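Data from structure_10.cif: mmCIF, C-alpha atoms and all ligand atoms
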data_my_file
#
loop_
_atom_site.group_PDB
_atom_site.id
_atom_site.type_symbol
_atom_site.label_atom_id
_atom_site.label_comp_id
_atom_site.auth_asym_id
_atom_site.auth_seq_id
_atom_site.Cartn_x
_atom_site.Cartn_y
_atom_site.Cartn_z
ATOM 1 C CA MET A 30 -35.928 -66.767 142.181
ATOM 2 C CA SER A 31 -33.067 -68.046 144.390
ATOM 3 C CA ARG A 32 -29.553 -66.708 143.923
ATOM 4 C CA SER A 33 -28.212 -69.944 142.396
ATOM 5 C CA GLY A 34 -31.282 -70.123 140.161
ATOM 6 C CA GLY A 35 -30.432 -66.639 138.946
ATOM 7 C CA VAL A 36 -26.836 -67.614 138.235
ATOM 8 C CA VAL A 37 -27.915 -70.677 136.243
ATOM 9 C CA TRP A 38 -30.384 -68.543 134.315
ATOM 10 C CA LEU A 39 -27.697 -65.968 133.541
ATOM 11 C CA LYS A 40 -25.254 -68.672 132.419
ATOM 12 C CA THR A 41 -27.915 -70.122 130.133
ATOM 13 C CA VAL A 42 -28.511 -66.716 128.551
ATOM 14 C CA VAL A 43 -24.764 -66.204 128.040
ATOM 15 C CA ALA A 44 -24.440 -69.696 126.548
ATOM 16 C CA VAL A 45 -27.355 -69.223 124.148
ATOM 17 C CA VAL A 46 -26.122 -65.809 123.028
ATOM 18 C CA SER A 47 -22.550 -67.018 122.469
ATOM 19 C CA THR A 48 -23.788 -70.075 120.568
ATOM 20 C CA ALA A 49 -25.921 -67.882 118.326
ATOM 21 C CA ALA A 50 -22.970 -65.529 117.759
ATOM 22 C CA LEU A 51 -20.665 -68.419 116.853
ATOM 23 C CA LEU A 52 -23.182 -69.913 114.436
ATOM 24 C CA THR A 53 -23.798 -66.523 112.852
ATOM 25 C CA TYR A 54 -20.060 -66.040 112.336
ATOM 26 C CA ALA A 55 -19.767 -69.484 110.727
ATOM 27 C CA VAL A 56 -22.286 -68.761 107.956
ATOM 28 C CA CYS A 57 -22.494 -64.974 107.789
ATOM 29 C CA ARG A 58 -20.213 -62.009 107.577
ATOM 30 C CA PRO A 59 -20.577 -58.741 109.470
ATOM 31 C CA PRO A 60 -21.650 -55.938 107.093
ATOM 32 C CA VAL A 61 -18.908 -53.591 105.932
ATOM 33 C CA ARG A 62 -19.315 -49.832 105.557
ATOM 34 C CA HIS A 63 -17.422 -48.680 102.452
ATOM 35 C CA GLN A 64 -16.409 -45.021 102.481
ATOM 36 C CA VAL A 65 -16.902 -43.993 98.865
ATOM 37 C CA GLY A 66 -13.608 -42.869 97.347
ATOM 38 C CA GLY A 67 -11.643 -43.971 100.423
ATOM 39 C CA LYS A 68 -9.580 -41.063 101.732
ATOM 40 C CA ASP A 69 -10.570 -38.949 98.690
ATOM 41 C CA ARG A 70 -14.219 -39.121 99.789
ATOM 42 C CA TRP A 71 -16.939 -37.754 97.451
ATOM 43 C CA LYS A 72 -15.646 -34.867 95.341
ATOM 44 C CA PRO A 73 -14.841 -34.000 91.707
ATOM 45 C CA ASN A 74 -11.855 -35.373 89.782
ATOM 46 C CA VAL A 75 -11.587 -38.698 91.577
ATOM 47 C CA ASN A 76 -11.536 -41.908 89.555
ATOM 48 C CA TYR A 77 -14.291 -43.848 91.325
ATOM 49 C CA THR A 78 -13.922 -46.758 88.884
ATOM 50 C CA ASP A 79 -10.428 -47.236 90.259
ATOM 51 C CA TRP A 80 -11.796 -47.154 93.790
ATOM 52 C CA SER A 81 -14.773 -49.488 93.274
ATOM 53 C CA LEU A 82 -12.614 -52.084 91.489
ATOM 54 C CA GLN A 83 -10.495 -52.375 94.639
ATOM 55 C CA GLU A 84 -13.478 -53.133 96.868
ATOM 56 C CA THR A 85 -15.807 -56.113 97.113
ATOM 57 C CA PHE A 86 -19.390 -55.179 97.874
ATOM 58 C CA TYR A 87 -21.607 -57.815 99.447
ATOM 59 C CA VAL A 88 -25.360 -57.755 99.991
ATOM 60 C CA GLY A 89 -25.960 -56.108 103.375
ATOM 61 C CA ASP A 90 -22.937 -53.808 103.132
ATOM 62 C CA TRP A 91 -23.295 -50.043 103.309
ATOM 63 C CA LEU A 92 -21.945 -47.157 101.274
ATOM 64 C CA TYR A 93 -20.837 -44.073 103.172
ATOM 65 C CA PHE A 94 -20.664 -40.815 101.233
ATOM 66 C CA VAL A 95 -18.693 -38.065 102.993
ATOM 67 C CA TYR A 96 -18.587 -34.675 101.271
ATOM 68 C CA ASP A 97 -18.999 -30.916 101.404
ATOM 69 C CA LYS A 98 -22.715 -30.503 102.127
ATOM 70 C CA HIS A 99 -22.751 -26.964 100.673
ATOM 71 C CA MET A 100 -21.543 -28.181 97.283
ATOM 72 C CA PHE A 101 -22.553 -31.744 96.534
ATOM 73 C CA ASN A 102 -25.268 -34.371 96.812
ATOM 74 C CA VAL A 103 -25.810 -38.064 96.018
ATOM 75 C CA LEU A 104 -28.530 -39.569 93.862
ATOM 76 C CA GLU A 105 -29.094 -43.179 92.873
ATOM 77 C CA VAL A 106 -29.777 -43.428 89.135
ATOM 78 C CA ASN A 107 -30.130 -46.132 86.493
ATOM 79 C CA GLU A 108 -27.313 -47.208 84.163
ATOM 80 C CA THR A 109 -28.387 -44.964 81.259
ATOM 81 C CA SER A 110 -28.532 -41.888 83.496
ATOM 82 C CA PHE A 111 -25.164 -42.856 84.993
ATOM 83 C CA ILE A 112 -23.537 -43.011 81.548
ATOM 84 C CA ASN A 113 -25.135 -39.736 80.409
ATOM 85 C CA CYS A 114 -24.837 -37.867 83.730
ATOM 86 C CA ASN A 115 -28.610 -37.365 83.729
ATOM 87 C CA ASP A 116 -29.766 -36.182 87.175
ATOM 88 C CA GLN A 117 -33.452 -35.960 86.217
ATOM 89 C CA GLY A 118 -35.819 -38.792 87.127
ATOM 90 C CA PHE A 119 -33.390 -40.346 89.601
ATOM 91 C CA ILE A 120 -34.280 -43.533 91.507
ATOM 92 C CA PHE A 121 -33.454 -42.398 95.032
ATOM 93 C CA ASN A 122 -32.227 -39.206 96.690
ATOM 94 C CA ILE A 123 -29.650 -40.282 99.263
ATOM 95 C CA THR A 124 -28.818 -36.702 100.310
ATOM 96 C CA ARG A 125 -29.936 -35.981 103.880
ATOM 97 C CA GLY A 126 -28.245 -32.609 104.353
ATOM 98 C CA ALA A 127 -25.325 -33.291 106.694
ATOM 99 C CA GLY A 128 -22.777 -34.238 104.027
ATOM 100 C CA ARG A 129 -22.640 -37.734 105.486
ATOM 101 C CA ASP A 130 -25.029 -40.171 103.874
ATOM 102 C CA VAL A 131 -25.348 -43.921 104.144
ATOM 103 C CA PHE A 132 -26.951 -46.312 101.687
ATOM 104 C CA GLU A 133 -27.596 -50.017 102.262
ATOM 105 C CA LEU A 134 -26.818 -52.382 99.396
ATOM 106 C CA THR A 135 -29.746 -54.780 99.679
ATOM 107 C CA GLN A 136 -29.653 -56.526 96.281
ATOM 108 C CA PRO A 137 -27.010 -58.486 94.345
ATOM 109 C CA LYS A 138 -26.926 -56.130 91.335
ATOM 110 C CA PRO A 139 -25.119 -53.094 89.942
ATOM 111 C CA TYR A 140 -25.947 -49.764 91.583
ATOM 112 C CA TYR A 141 -25.252 -46.344 90.073
ATOM 113 C CA PHE A 142 -24.790 -43.019 91.845
ATOM 114 C CA LEU A 143 -23.992 -39.484 90.769
ATOM 115 C CA ALA A 144 -23.847 -35.937 92.036
ATOM 116 C CA SER A 145 -26.229 -33.527 90.322
ATOM 117 C CA GLY A 146 -25.538 -29.914 89.347
ATOM 118 C CA GLY A 147 -23.024 -30.848 86.640
ATOM 119 C CA TYR A 148 -20.447 -32.377 89.011
ATOM 120 C CA CYS A 149 -21.069 -35.767 87.432
ATOM 121 C CA TYR A 150 -19.269 -34.496 84.333
ATOM 122 C CA ASN A 151 -16.251 -33.899 86.563
ATOM 123 C CA GLY A 152 -16.197 -37.508 87.644
ATOM 124 C CA MET A 153 -18.631 -37.499 90.590
ATOM 125 C CA LYS A 154 -20.272 -40.759 89.567
ATOM 126 C CA VAL A 155 -19.740 -44.261 90.856
ATOM 127 C CA ALA A 156 -20.924 -47.702 89.776
ATOM 128 C CA ILE A 157 -20.957 -50.490 92.374
ATOM 129 C CA ASN A 158 -21.392 -54.172 91.651
ATOM 130 C CA VAL A 159 -22.940 -55.965 94.614
ATOM 131 C CA VAL A 160 -22.594 -59.729 94.993
ATOM 132 C CA GLU A 161 -24.111 -62.316 97.310
ATOM 133 C CA PHE A 162 -21.796 -63.463 100.103
ATOM 134 C CA VAL A 163 -20.911 -67.155 99.776
ATOM 135 C CA PRO A 164 -19.875 -68.653 103.141
ATOM 136 C CA ALA A 165 -16.231 -69.762 103.318
ATOM 137 C CA PRO A 166 -15.323 -69.646 99.607
ATOM 138 C CA GLN A 167 -12.471 -72.048 98.846
ATOM 139 C CA PRO A 168 -10.024 -72.374 95.915
ATOM 140 C CA SER A 169 -11.050 -76.013 95.309
ATOM 141 C CA PRO A 170 -14.657 -75.996 94.097
ATOM 142 C CA ALA A 171 -15.736 -79.133 96.037
ATOM 143 C CA THR A 172 -19.369 -78.304 96.652
ATOM 144 C CA SER A 173 -22.295 -80.029 98.244
ATOM 145 C CA GLY A 174 -25.679 -78.411 97.782
ATOM 146 C CA GLY A 175 -24.156 -74.989 97.169
ATOM 147 C CA TYR A 176 -21.955 -74.960 100.277
ATOM 148 C CA THR A 177 -18.295 -75.865 100.166
ATOM 149 C CA ILE A 178 -17.205 -78.959 102.070
ATOM 150 C CA THR A 179 -14.791 -76.782 104.034
ATOM 151 C CA GLY A 180 -17.675 -74.445 104.861
ATOM 152 C CA ILE A 181 -19.611 -77.367 106.348
ATOM 153 C CA ASN A 182 -16.514 -78.518 108.251
ATOM 154 C CA GLN A 183 -16.120 -75.012 109.660
ATOM 155 C CA LEU A 184 -19.778 -74.970 110.634
ATOM 156 C CA ILE A 185 -19.443 -78.349 112.380
ATOM 157 C CA SER A 186 -16.349 -77.221 114.300
ATOM 158 C CA SER A 187 -18.149 -73.993 115.278
ATOM 159 C CA ILE A 188 -21.081 -76.047 116.599
ATOM 160 C CA THR A 189 -18.632 -78.286 118.502
ATOM 161 C CA VAL A 190 -17.014 -75.241 120.104
ATOM 162 C CA ALA A 191 -20.438 -73.786 120.921
ATOM 163 C CA VAL A 192 -21.672 -77.031 122.506
ATOM 164 C CA TRP A 193 -18.423 -77.272 124.480
ATOM 165 C CA ALA A 194 -18.935 -73.671 125.657
ATOM 166 C CA VAL A 195 -22.487 -74.422 126.772
ATOM 167 C CA ILE A 196 -21.441 -77.574 128.663
ATOM 168 C CA THR A 197 -18.551 -75.748 130.360
ATOM 169 C CA LEU A 198 -20.737 -72.819 131.353
ATOM 170 C CA LEU A 199 -23.537 -74.991 132.732
ATOM 171 C CA LYS A 200 -21.118 -77.285 134.628
ATOM 172 C CA ASN A 201 -19.540 -74.405 136.614
HETATM 173 C C1 LIG A 301 -10.243 -44.745 85.853
HETATM 174 O O1 LIG A 301 -9.701 -46.002 86.240
HETATM 175 C C2 LIG A 301 -10.106 -47.056 85.386
HETATM 176 C C3 LIG A 301 -9.661 -48.373 86.036
HETATM 177 O O2 LIG A 301 -8.375 -48.286 86.567
HETATM 178 C C4 LIG A 301 -9.502 -46.824 84.004
HETATM 179 O O3 LIG A 301 -9.877 -47.871 83.135
HETATM 180 C C5 LIG A 301 -10.038 -45.492 83.463
HETATM 181 O O4 LIG A 301 -9.436 -45.196 82.225
HETATM 182 C C6 LIG A 301 -9.776 -44.370 84.445
HETATM 183 N N1 LIG A 301 -10.501 -43.182 83.992
HETATM 184 C C7 LIG A 301 -9.927 -42.009 83.875
HETATM 185 C C8 LIG A 301 -10.802 -40.906 83.419
HETATM 186 O O5 LIG A 301 -8.749 -41.825 84.129
HETATM 187 C C1 LIG A 302 -33.408 -44.387 83.309
HETATM 188 O O1 LIG A 302 -33.914 -43.247 83.951
HETATM 189 C C2 LIG A 302 -34.252 -42.220 83.039
HETATM 190 C C3 LIG A 302 -34.627 -41.004 83.876
HETATM 191 O O2 LIG A 302 -35.701 -41.292 84.733
HETATM 192 C C4 LIG A 302 -35.380 -42.690 82.147
HETATM 193 O O3 LIG A 302 -35.715 -41.684 81.204
HETATM 194 C C5 LIG A 302 -34.935 -43.943 81.398
HETATM 195 O O4 LIG A 302 -36.005 -44.473 80.677
HETATM 196 C C6 LIG A 302 -34.439 -44.981 82.378
HETATM 197 N N1 LIG A 302 -33.855 -46.080 81.626
HETATM 198 C C7 LIG A 302 -34.119 -47.359 81.893
HETATM 199 C C8 LIG A 302 -33.428 -48.346 81.026
HETATM 200 O O5 LIG A 302 -34.885 -47.677 82.791
HETATM 201 C C1 LIG A 303 -32.740 -34.581 98.298
HETATM 202 O O1 LIG A 303 -33.206 -34.515 99.623
HETATM 203 C C2 LIG A 303 -32.673 -33.418 100.356
HETATM 204 C C3 LIG A 303 -33.075 -33.574 101.801
HETATM 205 O O2 LIG A 303 -34.446 -33.801 101.909
HETATM 206 C C4 LIG A 303 -33.187 -32.129 99.718
HETATM 207 O O3 LIG A 303 -32.689 -31.014 100.419
HETATM 208 C C5 LIG A 303 -32.722 -32.070 98.258
HETATM 209 O O4 LIG A 303 -33.263 -30.940 97.613
HETATM 210 C C6 LIG A 303 -33.129 -33.336 97.520
HETATM 211 N N1 LIG A 303 -32.478 -33.345 96.221
HETATM 212 C C7 LIG A 303 -33.146 -33.539 95.098
HETATM 213 C C8 LIG A 303 -32.328 -33.491 93.854
HETATM 214 O O5 LIG A 303 -34.346 -33.767 95.075
#
Write out the structure in this file as structure tokens.
Ligand SMILES: *[C@@H]1O[C@H](CO)[C@@H](O)[C@H](O)[C@H]1NC(C)=O
Ligand SMILES: *[C@@H]1O[C@H](CO)[C@@H](O)[C@H](O)[C@H]1NC(C)=O
Ligand SMILES: *[C@@H]1O[C@H](CO)[C@@H](O)[C@H](O)[C@H]1NC(C)=O
Amino acid sequence: MSRSGGVVWLKTVVAVVSTAALLTYAVCRPPVRHQVGGKDRWKPNVNYTDWSLQETFYVGDWLYFVYDKHMFNVLEVNETSFINCNDQGFIFNITRGAGRDVFELTQPKPYYFLASGGYCYNGMKVAINVVEFVPAPQPSPATSGGYTITGINQLISSITVAVWAVITLLKN
């Protein structure tokens, strides 16, 4: 491959990647990692209802449990077990042993977590409501096939910018 051929090839790759990134940003949202409890982390006597009400959890986001690995753990349970602090027959054991566990929120539904060993009774339980991300939500509910008009406008302007970027890159 000649040197100029290589440069054109490189520019094309850069253009394609930046176009893809722009389009992704127009309709998606980068996943957020929520540290459970915020600065309080995962420990007894924290009001996790207070905390979870202040956050919005979208499908694809992650929970991050940070805690004393010698004391606590994290289990996913169903709603009944959450209410009753029942740590038997849990759904999923998130504990990996380092006191730093992540959990991906893959479904738009409520999730329930608790610490076993009686700590749940001291407040180490958290319920999370996960919702689907709707691109560019707007106050005025002018919709067209599920997407807001403004969302489509933003998408079109993103495509325009992307096309402009490609043309500029290829011209130079
Ligand atoms: C925790 O916070 C929620 C929401 O602010 C409140 O309704 C609830 O009473 C609090 N629970 C405790 C045990 O303080
Ligand atoms: C919740 O989990 C507990 C423990 O495994 C189980 O006994 C109970 O039947 C489950 N409840 C529902 C509604 O699935
Ligand atoms: C969860 O998994 C960890 C790591 O494999 C293990 O040490 C722990 O005993 C498990 N907890 C329960 C309640 O099964």
What is the distance between CA of Gly128 (chain A) and CA of Arg62 (chain A), in Å to one decimal? 16.0 Å
Contact table chain A vs ligand LIG 301 (chain A), cut-off 6 Å, shortest pair per residue, all atoms listed in the file, as JSON lines:
{"residue": "A:Asn76", "atom": "CA", "partner": "A:LIG301", "partner_atom": "C1", "distance": 4.8}
{"residue": "A:Thr78", "atom": "CA", "partner": "A:LIG301", "partner_atom": "O1", "distance": 5.0}
{"residue": "A:Asp79", "atom": "CA", "partner": "A:LIG301", "partner_atom": "O1", "distance": 4.3}
Can you give me, as a PyMOL selection string, the residues this file yields under the PyMOL selection byres (((not hetatm)) within 8 of (chain A and resi 303))? chain A and resi 102+104+116+122-126+145
Per residue of chain A within 12 Å of ligand LIG 302 (chain A), what are the shortest atom pair and its distance in Å to one decimal, counting only C-alpha atoms and all ligand atoms, with rows by chain and residue number, as a Markdown table?
| residue | atom | partner | partner_atom | distance |
| --- | --- | --- | --- | --- |
| A:Leu104 | CA | A:LIG302 | O2 | 11.7 |
| A:Glu105 | CA | A:LIG302 | O1 | 10.1 |
| A:Val106 | CA | A:LIG302 | O1 | 6.6 |
| A:Asn107 | CA | A:LIG302 | C1 | 4.9 |
| A:Glu108 | CA | A:LIG302 | C1 | 6.8 |
| A:Thr109 | CA | A:LIG302 | C1 | 5.5 |
| A:Ser110 | CA | A:LIG302 | C1 | 5.5 |
| A:Phe111 | CA | A:LIG302 | C1 | 8.6 |
| A:Ile112 | CA | A:LIG302 | C1 | 10.1 |
| A:Asn113 | CA | A:LIG302 | C2 | 9.8 |
| A:Cys114 | CA | A:LIG302 | C3 | 10.3 |
| A:Asn115 | CA | A:LIG302 | C3 | 7.0 |
| A:Asp116 | CA | A:LIG302 | C3 | 7.6 |
| A:Gln117 | CA | A:LIG302 | C3 | 5.7 |
| A:Gly118 | CA | A:LIG302 | O2 | 3.5 |
| A:Phe119 | CA | A:LIG302 | O2 | 5.5 |
| A:Ile120 | CA | A:LIG302 | O2 | 7.3 |
| A:Phe121 | CA | A:LIG302 | O2 | 10.6 |
| A:Tyr141 | CA | A:LIG302 | C1 | 10.8 |
Quick one: write out the picked residues with C-alpha atoms as a tab-separated table (two decimals), in the coordinates of the input?
chain	number	residue	atom	x	y	z
A	104	LEU	CA	-28.53	-39.57	93.86
A	105	GLU	CA	-29.09	-43.18	92.87
A	106	VAL	CA	-29.78	-43.43	89.14
A	107	ASN	CA	-30.13	-46.13	86.49
A	108	GLU	CA	-27.31	-47.21	84.16
A	109	THR	CA	-28.39	-44.96	81.26
A	110	SER	CA	-28.53	-41.89	83.50
A	111	PHE	CA	-25.16	-42.86	84.99
A	112	ILE	CA	-23.54	-43.01	81.55
A	113	ASN	CA	-25.14	-39.74	80.41
A	114	CYS	CA	-24.84	-37.87	83.73
A	115	ASN	CA	-28.61	-37.36	83.73
A	116	ASP	CA	-29.77	-36.18	87.18
A	117	GLN	CA	-33.45	-35.96	86.22
A	118	GLY	CA	-35.82	-38.79	87.13
A	119	PHE	CA	-33.39	-40.35	89.60
A	120	ILE	CA	-34.28	-43.53	91.51
A	121	PHE	CA	-33.45	-42.40	95.03
A	141	TYR	CA	-25.25	-46.34	90.07
Taking (-23.3, -35.9, 95.3) in the file's coordinates as the center, which residues reach within 10 Å of it, counting only C-alpha atoms, put as a VMD selection string? chain A and resid 71 to 73 94 to 98 100 to 105 122 to 124 128 130 142 to 146 148 to 149 153 to 154
Atoms kept (C-alpha atoms) for selection, written as a PDB file, in the coordinates of the input:
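Okay, selection-v4.pdb is ready:
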ATOM      1  CA  TRP A  71     -16.939 -37.754  97.451  1.00  0.00           C
ATOM      2  CA  LYS A  72     -15.646 -34.867  95.341  1.00  0.00           C
ATOM      3  CA  PRO A  73     -14.841 -34.000  91.707  1.00  0.00           C
ATOM      4  CA  PHE A  94     -20.664 -40.815 101.233  1.00  0.00           C
ATOM      5  CA  VAL A  95     -18.693 -38.065 102.993  1.00  0.00           C
ATOM      6  CA  TYR A  96     -18.587 -34.675 101.271  1.00  0.00           C
ATOM      7  CA  ASP A  97     -18.999 -30.916 101.404  1.00  0.00           C
ATOM      8  CA  LYS A  98     -22.715 -30.503 102.127  1.00  0.00           C
ATOM      9  CA  MET A 100     -21.543 -28.181  97.283  1.00  0.00           C
ATOM     10  CA  PHE A 101     -22.553 -31.744  96.534  1.00  0.00           C
ATOM     11  CA  ASN A 102     -25.268 -34.371  96.812  1.00  0.00           C
ATOM     12  CA  VAL A 103     -25.810 -38.064  96.018  1.00  0.00           C
ATOM     13  CA  LEU A 104     -28.530 -39.569  93.862  1.00  0.00           C
ATOM     14  CA  GLU A 105     -29.094 -43.179  92.873  1.00  0.00           C
ATOM     15  CA  ASN A 122     -32.227 -39.206  96.690  1.00  0.00           C
ATOM     16  CA  ILE A 123     -29.650 -40.282  99.263  1.00  0.00           C
ATOM     17  CA  THR A 124     -28.818 -36.702 100.310  1.00  0.00           C
ATOM     18  CA  GLY A 128     -22.777 -34.238 104.027  1.00  0.00           C
ATOM     19  CA  ASP A 130     -25.029 -40.171 103.874  1.00  0.00           C
ATOM     20  CA  PHE A 142     -24.790 -43.019  91.845  1.00  0.00           C
ATOM     21  CA  LEU A 143     -23.992 -39.484  90.769  1.00  0.00           C
ATOM     22  CA  ALA A 144     -23.847 -35.937  92.036  1.00  0.00           C
ATOM     23  CA  SER A 145     -26.229 -33.527  90.322  1.00  0.00           C
ATOM     24  CA  GLY A 146     -25.538 -29.914  89.347  1.00  0.00           C
ATOM     25  CA  TYR A 148     -20.447 -32.377  89.011  1.00  0.00           C
ATOM     26  CA  CYS A 149     -21.069 -35.767  87.432  1.00  0.00           C
ATOM     27  CA  MET A 153     -18.631 -37.499  90.590  1.00  0.00           C
ATOM     28  CA  LYS A 154     -20.272 -40.759  89.567  1.00  0.00           C
TER      29      LYS A 154
END
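Proximity to Trp80 (chain A) was assessed for A:Leu92, A:Gly66, A:Lys200, A:Val131 counting all atoms listed in the file; the smallest distance is recorded for A:Gly66.
Closest approach to Tyr150 (chain A) among A:Ala127, A:Leu134, A:Val163, A:Val75: A:Val75, based on all atoms listed in the file.
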Identify all residues satisfying the PyMOL selection byres (((chain A and resi 81) around 10) and not hetatm) in the given file; provide them as a ChimeraX atom specification. /A:63,65-67,76-80,82-86,155-158
With all atoms of region 108-111 of chain A from the file as input, state the centre and edge lengths in Å to one decimal of the axis-aligned box that has 3 Å extra on each side, as AutoDock Vina command-line options.
--center_x -26.8 --center_y -44.5 --center_z 83.1 --size_x 9.4 --size_y 11.3 --size_z 9.7
Report, in Å with one decimal, the straight-line distance from CA of Gly89 (chain A) to CA of Asn74 (chain A). 28.5 Å
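Here CA of Lys68 (chain A) is placed at a distance of 11.7 Å from CA of Tyr93 (chain A).
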Taking into account all atoms listed in the file, which residue in the set A:Pro60, A:Arg70, A:Lys40, A:Tyr87 is nearest to Pro137 (chain A)? A:Tyr87
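If all atoms listed in the file are the atoms counted, then among A:Glu133, A:Pro164, A:Gly147, A:Gly152 the closest residue to Val88 (chain A) is A:Glu133.
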